[in-house]
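These notes are about the structure you will find just below.
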Amino acid sequence: MEDLQSLEQEILGQINSANDIETLEEIRVSALGKKGRVSLMMRELGKMTPEEKKEFGPKLNMLKNGLNDSISGRRDILEDEILNQRLQSEKLDITLPAVPAEPGSIHPISQVVDEVTEIFTEMGFSVAEGPEIEEDLYNFTALNIPAEHPARQMHDTFYLPEDEEGNRKVLRTHTSPVQIRTMMSGKPPFRIIAPGRTYRCDSDATHTPMFHQVEALVVDKDINMGHLKWCIEEFCRKFFEVDNVKTRFRPSYFPFTEPSAEMDIGCAFMGDEIRIGEGDDWLEILGCGMVNPRVLENVGLDPNEYQGFAFGMGLDRIAMLKWGIPDLRDFFAADLRWLKHYGFAALDIPALSTQGVK
């Protein structure tokens, strides 16, 4: 067997003279790799007598461990030298301009919520919220929606599994349950808006399974359709930034309002563009009406003493109208290119209250 002391001195000399990591790795492989000199000597132990194993086994292990320690120490030295060289050559000039960071932007829906909230709070409304997973009472029954109404069917509504009592909650189909919860938890007068996410089984260019609504409710004594008409027209004038808004109310039917109406706004269709406040065309934007007396009775109010009005509109829809967005589904596509095109910088949009709208 090769003289272990001479072999150790030879390999240690090679390790100490290695000037780079690659050379050091070659030395390690030649000495301790599968076919390395020390590894081959370790294999020879199997051919030795028990006495020879007792003599050479510990020595070979000491040699192997010592070489591993030496290689590891030399590697640390070489890595420190490489780091020091990089620190000397890769200096940072702190006087240079900073790399411009790409700013984020506000999603059009968030912008609409902010604008709508500002307009209605100027009129004296407060913002109310409620759960998105709703009970049948608040989403349907208290709103005078009968059990056989199509809106209750599974092709229109997302139902959750039955609970232990056999009841099934729903993903709210509108934000009207917030109005019911508000009326049940307090006393008139009420003047609230309820913006939020809603859910229905529908999907095309103008419908998505999840969308956003804002609904308004006013309940007090001596409330009439004139108050409703002024409130909606004032909102449209401020939101669409048009001084002369043409509107018309068409009779309609909603279980929770009586009388009920759909409101159209005057516009002009010019190719793919819709111009609000111009032309002789009409576009429906919301439904409205006086609160049905049955709804008032369902929440414990006397319809002979209190009256109210309510209306609701899709936030996604009015965003599409205001900024010319052609497809509702793009709102939820998570496409950064779309958001860069339609998004809003936080400080670029002035407050509507400072625009001087009469």
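By convention in this document, the chains of the structure tokens carry letters A, B, ... by their order, each chain's residues are numbered from 1, and ligands are numbered from 1 in the order they are shown.
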Any chance you could tabulate, as a Markdown table, the residues of segment 268-345 of chain A at most 10 Å from segment 241-251 of chain A with each one's nearest atom pair and distance in Å to one decimal, using only C-alpha atoms, in chain and rising number order?
```
| residue | atom | partner | partner_atom | distance |
| --- | --- | --- | --- | --- |
| A:Ile276 | CA | A:Val242 | CA | 7.5 |
| A:Gly277 | CA | A:Val245 | CA | 5.3 |
| A:Glu278 | CA | A:Val245 | CA | 8.6 |
| A:Gly279 | CA | A:Lys246 | CA | 9.8 |
| A:Asp280 | CA | A:Lys246 | CA | 9.5 |
| A:Trp282 | CA | A:Thr247 | CA | 8.4 |
| A:Leu283 | CA | A:Thr247 | CA | 9.3 |
| A:Glu284 | CA | A:Arg248 | CA | 9.2 |
| A:Leu286 | CA | A:Phe249 | CA | 9.9 |
| A:Gly287 | CA | A:Phe249 | CA | 9.2 |
| A:Cys288 | CA | A:Phe249 | CA | 9.1 |
| A:Gly289 | CA | A:Pro251 | CA | 9.3 |
| A:Lys322 | CA | A:Glu241 | CA | 9.3 |
```
Let me see the file: selected residues, all heavy atoms, as a tab-separated table (two decimals), in the first residue's frame.
```
chain	number	residue	atom	x	y	z
A	276	ILE	N	-73.02	59.91	-24.18
A	276	ILE	CA	-74.11	60.20	-23.25
A	276	ILE	C	-74.47	61.68	-23.34
A	276	ILE	O	-73.61	62.56	-23.39
A	276	ILE	CB	-73.70	59.85	-21.80
A	276	ILE	CG1	-73.27	58.39	-21.72
A	276	ILE	CG2	-74.83	60.14	-20.84
A	276	ILE	CD1	-74.35	57.40	-22.06
A	277	GLY	N	-75.78	61.96	-23.37
A	277	GLY	CA	-76.24	63.34	-23.39
A	277	GLY	C	-76.37	63.93	-24.77
A	277	GLY	O	-76.70	65.10	-24.92
A	278	GLU	N	-76.11	63.13	-25.81
A	278	GLU	CA	-76.23	63.61	-27.18
A	278	GLU	C	-77.18	62.70	-27.96
A	278	GLU	O	-77.42	61.56	-27.57
A	278	GLU	CB	-74.86	63.62	-27.87
A	278	GLU	CG	-73.82	64.49	-27.20
A	278	GLU	CD	-72.51	64.48	-27.96
A	278	GLU	OE1	-72.52	64.05	-29.14
A	278	GLU	OE2	-71.49	64.89	-27.38
A	279	GLY	N	-77.73	63.22	-29.08
A	279	GLY	CA	-78.50	62.40	-29.99
A	279	GLY	C	-79.90	62.08	-29.51
A	279	GLY	O	-80.36	62.56	-28.46
A	280	ASP	N	-80.57	61.22	-30.29
A	280	ASP	CA	-81.97	60.88	-30.03
A	280	ASP	C	-82.14	59.42	-29.65
A	280	ASP	O	-83.27	58.92	-29.63
A	280	ASP	CB	-82.80	61.18	-31.29
A	280	ASP	CG	-82.78	62.66	-31.65
A	280	ASP	OD1	-82.80	63.49	-30.71
A	280	ASP	OD2	-82.72	62.98	-32.85
A	282	TRP	N	-81.73	56.06	-26.96
A	282	TRP	CA	-81.94	55.84	-25.53
A	282	TRP	C	-81.23	54.56	-25.10
A	282	TRP	O	-81.14	53.61	-25.86
A	282	TRP	CB	-83.43	55.73	-25.20
A	282	TRP	CG	-84.19	56.99	-25.48
A	282	TRP	CD1	-84.89	57.30	-26.60
A	282	TRP	CD2	-84.31	58.12	-24.60
A	282	TRP	NE1	-85.45	58.56	-26.50
A	282	TRP	CE2	-85.11	59.08	-25.27
A	282	TRP	CE3	-83.85	58.41	-23.33
A	282	TRP	CZ2	-85.45	60.31	-24.72
A	282	TRP	CZ3	-84.18	59.63	-22.76
A	282	TRP	CH2	-84.97	60.56	-23.45
A	283	LEU	N	-80.75	54.57	-23.85
A	283	LEU	CA	-80.06	53.40	-23.31
A	283	LEU	C	-80.51	53.19	-21.87
A	283	LEU	O	-80.45	54.10	-21.04
A	283	LEU	CB	-78.54	53.61	-23.35
A	283	LEU	CG	-77.68	52.42	-22.93
A	283	LEU	CD1	-77.81	51.29	-23.93
A	283	LEU	CD2	-76.22	52.86	-22.83
A	284	GLU	N	-80.98	51.98	-21.57
A	284	GLU	CA	-81.40	51.67	-20.20
A	284	GLU	C	-80.17	51.52	-19.30
A	284	GLU	O	-79.20	50.85	-19.66
A	284	GLU	CB	-82.20	50.36	-20.18
A	284	GLU	CG	-82.59	49.91	-18.79
A	284	GLU	CD	-83.01	48.46	-18.74
A	284	GLU	OE1	-83.39	47.92	-19.80
A	284	GLU	OE2	-82.95	47.87	-17.65
A	286	LEU	N	-80.74	51.57	-15.44
A	286	LEU	CA	-81.07	51.12	-14.08
A	286	LEU	C	-82.55	50.84	-13.94
A	286	LEU	O	-83.37	51.23	-14.78
A	286	LEU	CB	-80.62	52.15	-13.05
A	286	LEU	CG	-81.19	53.58	-13.13
A	286	LEU	CD1	-82.54	53.69	-12.44
A	286	LEU	CD2	-80.23	54.57	-12.49
A	287	GLY	N	-82.89	50.16	-12.84
A	287	GLY	CA	-84.27	49.94	-12.45
A	287	GLY	C	-84.55	50.64	-11.13
A	287	GLY	O	-83.65	50.81	-10.30
A	288	CYS	N	-85.79	51.06	-10.95
A	288	CYS	CA	-86.10	51.86	-9.76
A	288	CYS	C	-87.58	51.76	-9.43
A	288	CYS	O	-88.36	51.14	-10.17
A	288	CYS	CB	-85.69	53.32	-9.97
A	288	CYS	SG	-86.56	54.11	-11.36
A	289	GLY	N	-87.97	52.41	-8.36
A	289	GLY	CA	-89.38	52.47	-8.00
A	289	GLY	C	-89.58	52.81	-6.54
A	289	GLY	O	-88.62	52.97	-5.77
A	322	LYS	N	-69.13	54.87	-19.49
A	322	LYS	CA	-68.38	56.10	-19.29
A	322	LYS	C	-67.05	56.09	-20.03
A	322	LYS	O	-66.62	57.11	-20.58
A	322	LYS	CB	-68.15	56.34	-17.80
A	322	LYS	CG	-67.45	57.67	-17.50
A	322	LYS	CD	-67.47	58.01	-16.03
A	322	LYS	CE	-66.84	59.38	-15.78
A	322	LYS	NZ	-66.91	59.78	-14.36
```
**Item:** DSSP-assigned strand (DSSP E) among segment 100-238 of chain A, expressed as number ranges by chain
**Value:** A: 126-127, 133-134, 170-171, 190-199, 210-220
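Residue nearest Leu78 of chain A within the list A:Glu55, A:Asp20, A:Glu44, A:Glu26: A:Asp20 [criterion: smallest interatomic distance, only C-alpha atoms].
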**Message:** Report, in Å with one decimal, the straight-line distance from atom CA of Gly33 of chain A to atom CA of Gln9 of chain A.
**Reply:** 18.2 Å
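Between atom CA of Ala319 of chain A and atom CA of Tyr253 of chain A lies a distance of 25.3 Å.
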**Residue neighbourhood Ala310 of chain A, 8 Å, only C-alpha atoms, exclusion window fewer than 3 positions, as a PyMOL selection string** = chain A and resi 215-218+228+257+288-291
**Item:** Residue list (alpha helix (DSSP H), DSSP) for segment 125-349 of chain A, as a PyMOL selection string
**Value:** chain A and resi 136-139+176-185+225-239+293-298+315-323+336-342
What are the closest atom pairs, with distances in Å to one decimal, for all residues of segment 83-145 of chain A lying within 12 Å of segment 155-163 of chain A? Consider only C-alpha atoms, order rows by chain and residue number, and present the result as CSV.
```
residue,atom,partner,partner_atom,distance
A:Glu132,CA,A:Phe158,CA,11.4
A:Ile133,CA,A:Leu160,CA,8.7
A:Glu134,CA,A:Tyr159,CA,9.8
A:Glu135,CA,A:Tyr159,CA,10.2
A:Asp136,CA,A:Tyr159,CA,10.1
A:Asn139,CA,A:Thr157,CA,10.7
A:Phe140,CA,A:Thr157,CA,11.1
```
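Distances to Ser260 of chain A were evaluated for A:Met225, A:Ala98, A:Ile77, A:Leu296 using only C-alpha atoms, and the minimum falls at A:Met225.
Once segment 66-73 of chain A and its same-chain neighbours fewer than 5 positions away are set aside, Glu8, Ile11, Leu12, Ile15, Asn16, Leu24, Glu25, Ile27, Arg28, Ala31, Leu32, Asn61 and Leu78 of chain A remain within 9 Å of it when counting only C-alpha atoms.
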**Asked** Separation of atom CA of Arg275 of chain A and atom CA of Asp316 of chain A, in Å?
**Response** 17.2 Å
Phe211 of chain A surroundings by only C-alpha atoms, 7 Å radius, close-in-sequence under 6 positions cut, as a tab-separated table (two decimals) with C-alpha atoms, in the first residue's frame:
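The resulting file, out.tsv, is shown below:
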```
chain	number	residue	atom	x	y	z
A	197	ARG	CA	-70.20	42.12	-5.44
A	198	THR	CA	-73.18	40.07	-6.58
A	199	TYR	CA	-73.53	36.67	-8.29
A	316	ASP	CA	-69.53	47.43	-14.35
```
What are the closest atom pairs, with distances in Å to one decimal, for each residue of segment 257-313 of chain A lying within 9 Å of segment 179-184 of chain A, using only C-alpha atoms, rows by chain and rising residue number, as CSV?
```
residue,atom,partner,partner_atom,distance
A:Val295,CA,A:Ile180,CA,8.4
A:Leu296,CA,A:Met183,CA,8.5
A:Asn298,CA,A:Ile180,CA,8.9
A:Val299,CA,A:Met184,CA,5.3
A:Gly300,CA,A:Met184,CA,7.2
A:Leu301,CA,A:Met183,CA,8.4
```
**Message:** Applying 10 Å and only C-alpha atoms, which residues near Leu7 of chain A remain after dropping the ones on its own chain fewer than 6 positions away? List them as a ChimeraX atom specification.
**Reply:** /A:13,31,37-38,63
For the residues in the current selection, export N, CA and C atoms as a compact mmCIF listing (two decimals), in the first residue's frame.
```
# COMPACT_ATOMS: atom_id res chain seq x y z
N GLY A 13 -0.29 19.59 -0.62
CA GLY A 13 0.43 20.58 -1.41
C GLY A 13 -0.37 21.02 -2.62
N ALA A 31 -8.54 12.56 -5.67
CA ALA A 31 -8.14 11.97 -4.40
C ALA A 31 -9.28 11.22 -3.73
N ARG A 37 -7.51 8.23 -5.56
CA ARG A 37 -6.41 7.44 -4.98
C ARG A 37 -6.76 6.95 -3.57
N VAL A 38 -7.31 7.81 -2.75
CA VAL A 38 -7.66 7.40 -1.39
C VAL A 38 -8.84 6.43 -1.41
N LEU A 63 -6.90 10.11 7.13
CA LEU A 63 -6.42 10.76 5.91
C LEU A 63 -7.59 11.34 5.13
```
**Prompt:** Between A:His174, A:His341, A:Arg200, A:Lys229, which one has atoms that come closest to Met313 of chain A, using only C-alpha atoms?
**Reply:** A:His174
